[in-house]
file model-v1.tsv (TSV, C-alpha atoms)
chain	number	residue	atom	x	y	z
A	7	MET	CA	-165.16	27.96	28.91
A	8	ARG	CA	-168.84	26.97	28.91
A	9	LYS	CA	-168.16	24.42	26.16
A	10	LEU	CA	-165.33	23.00	28.26
A	11	ILE	CA	-167.52	22.60	31.34
A	12	ILE	CA	-170.22	20.87	29.26
A	13	GLN	CA	-167.65	18.54	27.71
A	14	GLY	CA	-166.11	17.75	31.13
A	15	THR	CA	-169.51	17.07	32.68
A	16	GLY	CA	-170.42	14.95	29.68
A	17	MET	CA	-167.30	12.87	30.09
A	18	VAL	CA	-167.97	12.27	33.81
A	19	ALA	CA	-171.59	11.41	32.94
A	20	VAL	CA	-170.46	8.87	30.29
A	21	PHE	CA	-168.13	7.28	32.87
A	22	LEU	CA	-170.79	7.09	35.57
A	23	PHE	CA	-173.43	5.84	33.13
A	24	THR	CA	-171.09	3.08	31.87
A	25	TRP	CA	-170.34	2.06	35.46
A	26	PHE	CA	-174.01	2.11	36.42
A	27	ALA	CA	-175.06	0.12	33.33
A	28	LEU	CA	-172.34	-2.49	33.88
A	29	SER	CA	-173.31	-2.75	37.58
A	30	GLU	CA	-176.73	-4.01	36.47
A	31	VAL	CA	-175.10	-7.17	35.12
A	32	ASN	CA	-174.86	-9.94	37.70
A	33	TRP	CA	-171.09	-10.45	37.43
A	34	MET	CA	-170.99	-12.34	40.72
A	35	SER	CA	-173.12	-15.05	39.17
A	36	ILE	CA	-171.33	-14.99	35.78
A	37	PHE	CA	-167.91	-15.43	37.37
A	38	LYS	CA	-169.32	-17.76	40.08
A	39	VAL	CA	-167.60	-15.59	42.69
A	40	GLU	CA	-169.85	-16.68	45.56
A	41	LYS	CA	-169.48	-20.36	44.66
A	42	LEU	CA	-165.69	-20.06	44.51
A	43	THR	CA	-165.55	-18.07	47.76
A	44	LYS	CA	-167.79	-20.60	49.46
A	45	ALA	CA	-165.72	-23.56	48.26
A	46	THR	CA	-162.52	-21.88	49.49
A	47	GLU	CA	-164.13	-21.06	52.83
A	48	GLU	CA	-165.35	-24.63	53.29
A	49	LYS	CA	-161.90	-26.11	52.55
A	50	LEU	CA	-160.32	-23.61	54.88
A	51	GLY	CA	-162.82	-24.40	57.65
A	52	LYS	CA	-162.19	-28.12	57.24
A	53	THR	CA	-158.40	-27.64	57.42
A	54	ILE	CA	-158.65	-25.55	60.60
A	55	TRP	CA	-161.23	-27.83	62.21
A	56	ASP	CA	-159.09	-30.90	61.44
A	57	TRP	CA	-156.25	-29.21	63.32
A	58	PHE	CA	-158.55	-28.69	66.33
A	59	ASN	CA	-159.87	-32.20	66.07
A	60	HIS	CA	-156.35	-33.58	66.47
A	61	SER	CA	-155.62	-31.62	69.62
A	62	GLU	CA	-159.09	-31.48	71.23
A	63	LYS	CA	-161.64	-34.13	72.17
A	64	GLU	CA	-164.98	-33.62	70.48
A	65	ILE	CA	-168.06	-34.69	72.44
A	66	LYS	CA	-170.34	-36.79	70.26
A	67	ASP	CA	-172.59	-38.04	73.07
A	68	SER	CA	-176.11	-37.75	71.62
A	69	GLU	CA	-177.72	-36.59	74.92
A	70	ILE	CA	-175.37	-33.63	75.09
A	71	PHE	CA	-175.24	-32.89	71.38
A	72	ASN	CA	-178.99	-33.07	70.81
A	73	THR	CA	-179.76	-30.73	73.72
A	74	VAL	CA	-177.34	-28.06	72.50
A	75	ASP	CA	-178.45	-28.70	68.94
A	76	SER	CA	-182.07	-27.98	69.82
A	77	LEU	CA	-181.03	-24.51	71.04
A	78	LEU	CA	-179.11	-23.89	67.81
A	79	THR	CA	-182.00	-25.23	65.73
A	80	ARG	CA	-184.47	-22.90	67.47
A	81	VAL	CA	-182.30	-19.82	66.82
A	82	CYS	CA	-181.74	-20.85	63.19
A	83	ALA	CA	-185.36	-21.75	62.45
A	84	SER	CA	-186.69	-18.49	63.88
A	85	ASN	CA	-184.27	-16.39	61.84
A	86	ASP	CA	-184.46	-18.04	58.41
A	87	ILE	CA	-181.00	-19.55	58.79
A	88	TYR	CA	-180.62	-22.96	57.20
A	89	ARG	CA	-179.66	-25.16	60.17
A	90	ASP	CA	-177.82	-27.77	58.10
A	91	GLN	CA	-175.34	-25.19	56.86
A	92	VAL	CA	-173.96	-24.84	60.40
A	93	GLU	CA	-171.67	-27.53	61.75
A	94	LEU	CA	-171.88	-27.69	65.53
A	95	HIS	CA	-168.93	-29.06	67.50
A	96	ILE	CA	-168.88	-29.49	71.26
A	97	VAL	CA	-165.37	-29.86	72.61
A	98	SER	CA	-164.44	-31.27	75.99
A	99	ASN	CA	-162.35	-28.48	77.44
A	100	ALA	CA	-162.63	-26.67	80.78
A	101	GLU	CA	-162.01	-23.28	79.16
A	102	VAL	CA	-165.00	-20.98	78.89
A	103	ASN	CA	-164.77	-20.53	75.14
A	104	ALA	CA	-166.81	-20.54	71.97
A	105	PHE	CA	-165.90	-19.45	68.48
A	106	ALA	CA	-166.78	-19.70	64.82
A	107	LEU	CA	-164.53	-21.06	62.05
A	108	PRO	CA	-164.76	-20.54	58.27
A	109	GLY	CA	-167.21	-22.84	56.50
A	110	ASN	CA	-169.86	-22.26	59.21
A	111	HIS	CA	-168.26	-24.34	61.97
A	112	LEU	CA	-169.54	-23.34	65.41
A	113	VAL	CA	-167.38	-24.60	68.28
A	114	LEU	CA	-168.54	-24.65	71.91
A	115	TYR	CA	-166.32	-25.71	74.81
A	116	SER	CA	-167.88	-27.79	77.57
A	117	GLY	CA	-166.44	-25.26	80.04
A	118	LEU	CA	-168.68	-22.58	78.59
A	119	ILE	CA	-171.77	-24.79	78.72
A	120	ASN	CA	-170.98	-25.51	82.37
A	121	SER	CA	-170.63	-21.80	83.13
A	122	ALA	CA	-174.06	-21.01	81.73
A	123	GLU	CA	-176.77	-21.04	84.39
A	124	ASN	CA	-179.63	-21.68	82.02
A	125	GLU	CA	-180.42	-22.51	78.41
A	126	SER	CA	-181.05	-18.84	77.53
A	127	GLU	CA	-177.51	-17.86	78.49
A	128	LEU	CA	-176.10	-20.59	76.27
A	129	SER	CA	-178.52	-19.62	73.48
A	130	GLY	CA	-177.13	-16.08	73.73
A	131	VAL	CA	-173.58	-17.28	73.11
A	132	ILE	CA	-174.79	-19.50	70.24
A	133	ALA	CA	-176.71	-16.56	68.73
A	134	HIS	CA	-173.61	-14.35	69.05
A	135	GLU	CA	-171.36	-16.83	67.23
A	136	LEU	CA	-174.08	-17.47	64.66
A	137	ALA	CA	-174.20	-13.72	64.03
A	138	HIS	CA	-170.43	-13.73	63.35
A	139	ILE	CA	-171.01	-16.53	60.82
A	140	GLU	CA	-173.99	-14.89	59.14
A	141	MET	CA	-172.30	-11.49	58.93
A	142	GLU	CA	-169.17	-13.07	57.43
A	143	HIS	CA	-166.98	-11.71	60.21
A	144	VAL	CA	-164.90	-14.89	60.35
A	145	MET	CA	-163.46	-14.55	56.85
A	146	LYS	CA	-163.08	-10.77	57.21
A	147	LYS	CA	-160.99	-11.28	60.33
A	148	LEU	CA	-158.88	-14.02	58.75
A	149	VAL	CA	-158.25	-12.08	55.53
A	150	LYS	CA	-157.27	-9.03	57.55
A	151	GLU	CA	-154.96	-10.85	59.94
A	152	VAL	CA	-153.53	-13.67	57.84
A	153	GLY	CA	-153.79	-12.33	54.27
A	154	LEU	CA	-155.76	-13.53	51.27
A	155	SER	CA	-152.88	-15.30	49.51
A	156	VAL	CA	-152.03	-17.33	52.62
A	157	LEU	CA	-155.68	-18.34	53.03
A	158	ILE	CA	-155.90	-19.48	49.41
A	159	SER	CA	-152.74	-21.56	49.79
A	160	MET	CA	-154.18	-23.02	53.02
A	161	SER	CA	-157.40	-23.99	51.26
A	162	THR	CA	-155.44	-25.76	48.51
A	163	GLY	CA	-153.38	-27.62	51.09
A	164	ASN	CA	-150.13	-25.90	50.10
A	165	SER	CA	-149.35	-24.31	53.44
A	166	GLY	CA	-147.51	-25.66	56.43
A	167	GLY	CA	-149.04	-26.74	59.71
A	168	GLU	CA	-147.69	-23.64	61.46
A	169	ILE	CA	-149.92	-21.34	59.42
A	170	VAL	CA	-152.98	-23.50	60.08
A	171	LYS	CA	-152.11	-23.45	63.78
A	172	GLU	CA	-151.72	-19.68	63.68
A	173	ALA	CA	-155.12	-19.24	61.98
A	174	ALA	CA	-156.76	-21.65	64.44
A	175	LYS	CA	-155.32	-19.78	67.42
A	176	LEU	CA	-156.31	-16.47	65.92
A	177	LEU	CA	-159.94	-17.52	65.61
A	178	SER	CA	-160.19	-19.27	68.98
A	179	SER	CA	-158.26	-16.89	71.21
A	180	THR	CA	-158.31	-13.37	69.82
A	181	ALA	CA	-161.14	-10.89	69.63
A	182	TYR	CA	-162.85	-9.41	66.62
A	183	ASP	CA	-162.60	-5.65	66.55
A	184	ARG	CA	-165.01	-3.74	68.74
A	185	LYS	CA	-167.29	-2.76	65.84
A	186	LEU	CA	-167.74	-6.37	64.69
A	187	GLU	CA	-168.34	-7.58	68.28
A	188	LYS	CA	-171.06	-4.98	68.78
A	189	GLU	CA	-172.66	-5.88	65.44
A	190	ALA	CA	-172.69	-9.56	66.45
A	191	ASP	CA	-174.09	-8.76	69.93
A	192	LEU	CA	-176.95	-6.68	68.59
A	193	ARG	CA	-177.74	-9.19	65.84
A	194	ALA	CA	-177.74	-11.90	68.55
A	195	VAL	CA	-180.35	-9.91	70.49
A	196	ASP	CA	-182.56	-9.84	67.38
A	197	TYR	CA	-182.05	-13.57	66.83
A	198	LEU	CA	-182.96	-14.33	70.45
A	199	ILE	CA	-186.10	-12.17	70.42
A	200	ASN	CA	-187.24	-13.81	67.16
A	201	ALA	CA	-186.61	-17.19	68.79
A	202	GLY	CA	-188.66	-16.29	71.89
A	203	ILE	CA	-185.59	-16.32	74.16
A	204	GLU	CA	-184.98	-13.49	76.65
A	205	PRO	CA	-181.69	-11.69	75.68
A	206	ILE	CA	-181.27	-10.28	79.20
A	207	HIS	CA	-179.91	-13.71	80.20
A	208	PHE	CA	-177.16	-13.29	77.62
A	209	ALA	CA	-176.29	-9.89	79.13
A	210	ASN	CA	-176.35	-11.46	82.61
A	211	PHE	CA	-173.95	-14.17	81.43
A	212	LEU	CA	-171.47	-11.56	80.21
A	213	SER	CA	-171.92	-9.51	83.36
A	214	ARG	CA	-171.42	-12.47	85.69
A	215	LEU	CA	-168.34	-13.81	83.93
A	216	SER	CA	-166.72	-10.37	83.80
A	217	GLU	CA	-167.14	-10.15	87.59
A	218	THR	CA	-165.55	-13.54	88.20
A	219	GLN	CA	-162.74	-13.00	85.73
A	220	PRO	CA	-159.95	-12.21	88.25
A	221	ASP	CA	-160.36	-15.54	90.04
A	222	ILE	CA	-160.29	-17.96	87.15
A	223	GLU	CA	-158.81	-15.87	84.38
A	224	THR	CA	-157.04	-18.69	82.60
A	225	HIS	CA	-160.26	-20.60	82.00
A	226	LEU	CA	-162.35	-17.66	80.85
A	227	GLU	CA	-161.10	-17.53	77.29
A	228	TRP	CA	-164.38	-16.28	75.83
A	229	ILE	CA	-164.50	-13.34	78.21
A	230	SER	CA	-160.82	-12.45	77.85
A	231	THR	CA	-161.20	-12.50	74.07
A	232	HIS	CA	-164.39	-10.47	74.33
A	233	PRO	CA	-163.23	-7.49	76.41
A	234	GLU	CA	-165.40	-4.91	78.12
A	235	SER	CA	-168.06	-7.49	78.91
A	236	GLN	CA	-169.88	-5.22	81.33
A	237	ARG	CA	-170.12	-2.48	78.70
A	238	ARG	CA	-171.44	-5.07	76.25
A	239	ALA	CA	-173.99	-6.29	78.78
A	240	ASP	CA	-175.15	-2.67	79.19
A	241	TYR	CA	-175.70	-1.99	75.51
A	242	ILE	CA	-177.36	-5.39	75.04
A	243	ASN	CA	-179.82	-4.49	77.80
A	244	SER	CA	-180.53	-1.05	76.38
A	245	TYR	CA	-180.92	-2.43	72.81
A	246	ARG	CA	-183.33	-5.06	74.11
A	247	GLU	CA	-185.49	-2.47	75.92
A	248	GLY	CA	-188.88	-1.81	74.37
A	249	LYS	CA	-188.82	-4.84	72.12
A	250	PRO	CA	-191.87	-7.06	72.65
A	251	LEU	CA	-191.06	-10.69	73.45
A	252	GLU	CA	-193.16	-13.75	73.99
A	253	GLU	CA	-190.90	-16.27	75.70
A	254	VAL	CA	-191.16	-19.82	74.41
A	255	PRO	CA	-189.19	-22.48	76.31
A	256	VAL	CA	-186.80	-24.45	74.11
A	257	LEU	CA	-186.01	-27.37	76.39
A	258	ALA	CA	-188.40	-29.55	78.33
A	259	ASN	CA	-188.33	-29.36	82.14
A	260	GLY	CA	-185.22	-30.92	83.60
A	261	THR	CA	-183.38	-31.22	80.25
A	262	TRP	CA	-180.96	-28.42	81.10
A	263	MET	CA	-180.01	-30.00	84.42
A	264	ARG	CA	-179.60	-33.37	82.74
A	265	LEU	CA	-177.25	-31.77	80.20
A	266	LYS	CA	-175.09	-30.47	83.05
A	267	GLU	CA	-175.07	-33.88	84.69
A	268	TYR	CA	-174.02	-35.57	81.44
A	269	LEU	CA	-171.22	-33.05	81.03
A	270	ASN	CA	-170.01	-33.57	84.59
A	271	ASN	CA	-170.06	-37.34	84.12
A	272	LEU	CA	-168.05	-36.97	80.92
A	273	ASP	CA	-165.53	-34.77	82.71
A	274	ASP	CA	-165.15	-37.47	85.35
A	275	ASN	CA	-164.61	-40.09	82.66
A	276	PHE	CA	-162.03	-38.13	80.64
B	10	MET	CA	-164.08	12.26	20.41
B	11	ILE	CA	-161.01	13.04	18.31
B	12	SER	CA	-160.81	15.78	15.69
B	13	ILE	CA	-158.10	16.73	13.21
B	14	LYS	CA	-157.42	20.46	13.03
B	15	ARG	CA	-154.86	22.78	11.51
B	16	PHE	CA	-152.21	23.90	13.97
B	17	VAL	CA	-151.39	27.64	14.13
B	18	TYR	CA	-148.16	27.03	12.23
B	19	GLU	CA	-146.55	24.27	10.22
B	20	PRO	CA	-144.35	22.26	12.68
B	21	GLY	CA	-140.82	21.23	11.63
B	22	GLU	CA	-139.51	17.67	11.44
B	23	HIS	CA	-137.67	17.85	14.80
B	24	GLU	CA	-140.93	18.92	16.57
B	25	LEU	CA	-142.95	16.08	15.10
B	26	GLU	CA	-140.80	13.43	16.71
B	27	LYS	CA	-140.87	15.02	20.16
B	28	ALA	CA	-144.63	15.65	20.02
B	29	SER	CA	-145.19	12.03	18.99
B	30	ASN	CA	-142.89	10.82	21.76
B	31	SER	CA	-145.00	12.54	24.43
B	32	TYR	CA	-147.78	10.05	23.60
B	33	VAL	CA	-145.40	7.10	23.23
B	34	MET	CA	-144.13	7.98	26.71
B	35	SER	CA	-147.61	7.64	28.18
B	36	LEU	CA	-148.11	4.37	26.25
B	37	VAL	CA	-145.00	2.80	27.73
B	38	ALA	CA	-146.16	4.02	31.12
B	39	ILE	CA	-149.61	2.48	30.65
B	40	ILE	CA	-148.04	-0.94	29.97
B	41	GLY	CA	-145.62	-0.70	32.89
B	42	GLY	CA	-147.86	1.23	35.20
B	43	LEU	CA	-151.20	-0.53	35.06
B	44	PRO	CA	-150.99	-1.89	38.61
B	45	PHE	CA	-149.56	1.39	39.92
B	46	PRO	CA	-151.47	4.27	38.35
B	47	ILE	CA	-149.11	6.96	39.64
B	48	ILE	CA	-146.36	5.70	37.29
B	49	ASN	CA	-148.35	6.81	34.21
B	50	LEU	CA	-148.70	10.30	35.53
B	51	ILE	CA	-145.11	10.63	36.72
B	52	ALA	CA	-143.73	9.41	33.37
B	53	THR	CA	-145.84	11.84	31.35
B	54	LEU	CA	-145.16	14.66	33.81
B	55	ALA	CA	-141.40	14.03	33.56
B	56	PHE	CA	-141.60	14.20	29.76
B	57	TYR	CA	-143.66	17.40	29.96
B	58	VAL	CA	-141.18	19.04	32.37
B	59	GLY	CA	-138.31	18.01	30.10
B	60	ASN	CA	-139.98	19.73	27.16
B	61	ARG	CA	-141.58	22.72	28.85
B	62	LYS	CA	-139.16	25.01	27.04
B	63	GLY	CA	-139.75	23.29	23.70
B	64	THR	CA	-141.62	24.72	20.75
B	65	TYR	CA	-145.33	25.47	20.98
B	66	TYR	CA	-146.29	22.35	18.98
B	67	VAL	CA	-144.26	20.06	21.28
B	68	ARG	CA	-145.55	21.74	24.48
B	69	TRP	CA	-149.12	21.55	23.23
B	70	HIS	CA	-149.01	17.81	22.64
B	71	CYS	CA	-147.11	17.15	25.87
B	72	MET	CA	-149.83	19.03	27.73
B	73	GLN	CA	-152.67	17.13	26.01
B	74	ALA	CA	-150.96	13.82	26.85
B	75	LEU	CA	-150.47	14.94	30.45
B	76	LEU	CA	-154.07	16.08	30.96
B	77	SER	CA	-155.52	12.90	29.50
B	78	GLN	CA	-153.21	10.88	31.76
B	79	PHE	CA	-154.39	12.79	34.80
B	80	SER	CA	-158.04	11.71	34.50
B	81	VAL	CA	-157.02	8.12	33.78
B	82	PHE	CA	-154.80	8.36	36.86
B	83	LEU	CA	-157.78	9.41	39.00
B	84	VAL	CA	-160.10	6.56	37.96
B	85	ASN	CA	-157.25	4.00	38.09
B	86	THR	CA	-156.30	5.15	41.58
B	87	VAL	CA	-159.84	4.53	42.82
B	88	GLY	CA	-159.73	1.07	41.21
B	89	PHE	CA	-156.31	0.36	42.69
B	90	TRP	CA	-157.25	1.21	46.28
B	91	TRP	CA	-160.60	-0.53	45.95
B	92	THR	CA	-158.71	-3.68	44.92
B	93	ILE	CA	-156.31	-3.29	47.85
B	94	SER	CA	-159.34	-3.01	50.18
B	95	VAL	CA	-160.75	-6.23	48.71
B	96	ILE	CA	-157.42	-8.04	49.16
B	97	LEU	CA	-157.13	-6.83	52.76
B	98	GLY	CA	-160.70	-7.81	53.55
B	99	TYR	CA	-162.12	-4.32	54.19
B	100	GLU	CA	-164.42	-4.64	51.16
B	101	SER	CA	-165.90	-7.67	49.50
B	102	ILE	CA	-166.17	-8.39	45.78
B	103	SER	CA	-169.46	-7.09	44.43
B	104	ASN	CA	-171.17	-6.43	41.08
B	105	GLN	CA	-170.33	-2.73	41.52
B	106	TYR	CA	-166.64	-3.51	42.01
B	107	ILE	CA	-166.42	-5.81	38.96
B	108	ALA	CA	-168.41	-3.26	36.90
B	109	TYR	CA	-165.97	-0.52	37.98
B	110	LEU	CA	-163.01	-2.64	36.87
B	111	PHE	CA	-164.62	-3.18	33.46
B	112	THR	CA	-165.44	0.53	33.18
B	113	ILE	CA	-161.86	1.60	33.84
B	114	LEU	CA	-160.66	-1.14	31.53
B	115	LEU	CA	-162.85	0.33	28.75
B	116	PHE	CA	-161.64	3.87	29.46
B	117	ASN	CA	-158.02	2.75	29.59
B	118	ALA	CA	-158.47	0.88	26.29
B	119	ALA	CA	-160.05	3.96	24.69
B	120	GLU	CA	-157.18	6.08	26.01
B	121	PHE	CA	-154.67	3.52	24.75
B	122	LEU	CA	-156.10	3.42	21.21
B	123	GLY	CA	-156.51	7.21	21.12
B	124	THR	CA	-152.90	7.61	22.22
B	125	ILE	CA	-151.56	5.26	19.52
B	126	PHE	CA	-153.64	7.04	16.88
B	127	THR	CA	-152.51	10.51	18.02
B	128	ALA	CA	-148.84	9.47	18.31
B	129	ILE	CA	-148.87	8.25	14.69
B	130	LYS	CA	-150.68	11.37	13.45
B	131	ALA	CA	-148.47	13.74	15.45
B	132	ARG	CA	-145.41	12.10	13.90
B	133	LYS	CA	-146.84	12.87	10.44
B	134	GLY	CA	-147.50	16.46	11.40
B	135	VAL	CA	-151.28	16.02	11.65
B	136	HIS	CA	-152.64	18.02	14.57
B	137	VAL	CA	-155.14	15.95	16.58
B	138	GLU	CA	-157.30	17.50	19.29
B	139	TRP	CA	-159.17	15.24	21.72
B	140	TRP	CA	-162.66	15.95	22.91
B	141	PHE	CA	-162.49	18.04	26.13
B	142	TYR	CA	-158.70	17.64	26.50
B	143	GLY	CA	-158.02	19.56	23.27
B	144	ASP	CA	-160.03	22.57	24.43
B	145	LEU	CA	-158.53	22.34	27.92
B	146	THR	CA	-155.03	22.29	26.42
B	147	ASN	CA	-155.87	25.33	24.27
B	148	LEU	CA	-156.92	27.11	27.46
B	149	ILE	CA	-153.75	26.26	29.41
B	150	CYS	CA	-151.03	26.11	26.75
B	151	LYS	CA	-150.34	29.42	25.02
B	152	PRO	CA	-147.88	30.12	22.17
call {"tool": "encode", "arguments": {"input": "model-v1.tsv", "output": "structure tokens"}}
result
Amino acid sequence: MRKLIIQGTGMVAVFLFTWFALSEVNWMSIFKVEKLTKATEEKLGKTIWDWFNHSEKEIKDSEIFNTVDSLLTRVCASNDIYRDQVELHIVSNAEVNAFALPGNHLVLYSGLINSAENESELSGVIAHELAHIEMEHVMKKLVKEVGLSVLISMSTGNSGGEIVKEAAKLLSSTAYDRKLEKEADLRAVDYLINAGIEPIHFANFLSRLSETQPDIETHLEWISTHPESQRRADYINSYREGKPLEEVPVLANGTWMRLKEYLNNLDDNF
Amino acid sequence: MISIKRFVYEPGEHELEKASNSYVMSLVAIIGGLPFPIINLIATLAFYVGNRKGTYYVRWHCMQALLSQFSVFLVNTVGFWWTISVILGYESISNQYIAYLFTILLFNAAEFLGTIFTAIKARKGVHVEWWFYGDLTNLICKP
């Protein structure tokens, strides 16, 4: 019996040792897994963004874009995120909505920018979406909901427009699961603190929009897709507590108000 | 890993074929059952049940084939569900995952070659005992 136990243990040990030894090889690099995944993600992101671009009007006005871009740049630069890897899109749409697409596309609706009372609130939303991108939540959600084979056929251009539309709607108007939302919220708090931006404003933004939800429900896409906003505001506040922060303004005096004016003028023109 | 021993008696011609078939059964199952590990085990188990009233030599080899299949079944099942998790997006591809696939591939290949070797030997009446599984079979299977 003793011999048997020794032999059994030996066999398990040989298995584990083989696994451990093989794990030391960088297979991801040998098989170029990351490169292939990235290429697929980029093609997928382009396909979905192209669909949006056909149905939505992107704002390319430099005054508006540069102001929002400086908030994104601050958050990226303070958190070792390569700014150029993120593609920022500002869409003229009255809905309060923001979302991330595969291939690091970050989409902000003008309605959301208008709902923010200050630059810190908007930075909070940007940091939250950036966290989804950095933590690879976007692809996880798509793979889970749409399926890997469908995504691969989408990235090779072999799928119909209906599937692209379904994926686009899924990313822009449905929530991530609660665990992923919380992860993104807390990561956003870290990003904001590193960037010298007070995260309490982000919590206030969630709190305020959740209170006004019954009146203008149809326009508050970001809140309706991010349920339990008050609960989120609470845990953001408690996570932020005790963390030292030296606030550094991102925008020059008056820039925020000018951004709002530009947006309002654009709305009048559209 | 594999040792040739004298069996307690000299098996007859009709026993040799059945004993050899118990390994062939698991071979066919390996080919058909690679994506679904349970198939290997069910096929070998069915053959074992069919021969549980056979002679000692036949039962012994059916049992050794079954036990060896069981451990392969366990490691393949982990690999199978890990792969399903990757496809469904719960897990991502990592060095550990690829290394695990190679490890089970190696163990399956070793099992495959060992099975072919033992099936041929058993057909010729040569009694082959595998490392660990042979002793385990001696413990479970009695004349």
call {"tool": "interface_residues", "arguments": {"input": "model-v1.tsv", "of": "chain A", "to": "chain B", "cutoff": "10 Å", "atoms": "only C-alpha atoms", "output": "JSON, numbers by chain"}}
result
{"A": [7, 9, 10, 11, 12, 13, 14, 15, 16, 17, 18, 21, 22, 23, 24, 25, 26, 27, 28, 29, 30, 31, 32, 33, 34, 35, 37, 39, 40, 43, 143, 145, 146, 147, 148, 149, 150, 151, 152, 153, 154, 155]}
call {"tool": "atom_distance", "arguments": {"input": "model-v1.tsv", "atom1": "atom CA of Phe71 of chain A", "atom2": "atom CA of Asp191 of chain A"}}
result
24.2 Å
call {"tool": "residues_around", "arguments": {"input": "model-v1.tsv", "residues": "Pro255 of chain A", "least_positions_apart": "3", "cutoff": "10 Å", "atoms": "only C-alpha atoms", "output": "ChimeraX atom specification"}}
result
/A:77,125-126,201-204,252,258-259
call {"tool": "atom_distance", "arguments": {"input": "model-v1.tsv", "atom1": "atom CA of Glu22 of chain B", "atom2": "atom CA of Asn60 of chain B"}}
result
15.9 Å
call {"tool": "atom_distance", "arguments": {"input": "model-v1.tsv", "atom1": "atom CA of Pro250 of chain A", "atom2": "atom CA of Leu192 of chain A"}}
result
15.5 Å
call {"tool": "residues_near_point", "arguments": {"input": "model-v1.tsv", "point": "(-162.4, -26.8, 59.4)", "cutoff": "7 Å", "atoms": "all atoms listed in the file", "output": "VMD selection string"}}
result
chain A and resid 49 to 56 107 to 109 111
call {"tool": "residues_near_point", "arguments": {"input": "model-v1.tsv", "point": "(-157.5, 1.8, 37.0)", "cutoff": "12 Å", "atoms": "only C-alpha atoms", "output": "compact mmCIF listing (two decimals) with C-alpha atoms, in the coordinates of the input"}}
result
# COMPACT_ATOMS: atom_id res chain seq x y z
CA ILE B 39 -149.61 2.48 30.65
CA GLY B 42 -147.86 1.23 35.20
CA LEU B 43 -151.20 -0.53 35.06
CA PRO B 44 -150.99 -1.89 38.61
CA PHE B 45 -149.56 1.39 39.92
CA PRO B 46 -151.47 4.27 38.35
CA ILE B 47 -149.11 6.96 39.64
CA ILE B 48 -146.36 5.70 37.29
CA ASN B 49 -148.35 6.81 34.21
CA GLN B 78 -153.21 10.88 31.76
CA PHE B 79 -154.39 12.79 34.80
CA SER B 80 -158.04 11.71 34.50
CA VAL B 81 -157.02 8.12 33.78
CA PHE B 82 -154.80 8.36 36.86
CA LEU B 83 -157.78 9.41 39.00
CA VAL B 84 -160.10 6.56 37.96
CA ASN B 85 -157.25 4.00 38.09
CA THR B 86 -156.30 5.15 41.58
CA VAL B 87 -159.84 4.53 42.82
CA GLY B 88 -159.73 1.07 41.21
CA PHE B 89 -156.31 0.36 42.69
CA TRP B 90 -157.25 1.21 46.28
CA TRP B 91 -160.60 -0.53 45.95
CA THR B 92 -158.71 -3.68 44.92
CA TYR B 106 -166.64 -3.51 42.01
CA ILE B 107 -166.42 -5.81 38.96
CA TYR B 109 -165.97 -0.52 37.98
CA LEU B 110 -163.01 -2.64 36.87
CA PHE B 111 -164.62 -3.18 33.46
CA THR B 112 -165.44 0.53 33.18
CA ILE B 113 -161.86 1.60 33.84
CA LEU B 114 -160.66 -1.14 31.53
CA LEU B 115 -162.85 0.33 28.75
CA PHE B 116 -161.64 3.87 29.46
CA ASN B 117 -158.02 2.75 29.59
CA ALA B 118 -158.47 0.88 26.29
CA GLU B 120 -157.18 6.08 26.01
call {"tool": "axis_aligned_box", "arguments": {"input": "model-v1.tsv", "around": "segment 148-152 of chain B", "padding_each_side": "4 Å", "output": "JSON"}}
result
{"center_x": -152.4, "center_y": 28.1, "center_z": 25.8, "size_x": 17.0, "size_y": 12.0, "size_z": 15.2}
call {"tool": "residues_around", "arguments": {"input": "model-v1.tsv", "residues": "segment 176-180 of chain A", "least_positions_apart": "2", "cutoff": "10 Å", "atoms": "all atoms listed in the file", "output": "number ranges by chain"}}
result
A: 54, 58, 103-108, 113, 144-145, 147-148, 151-152, 170-174, 182-183, 227-228, 230-232
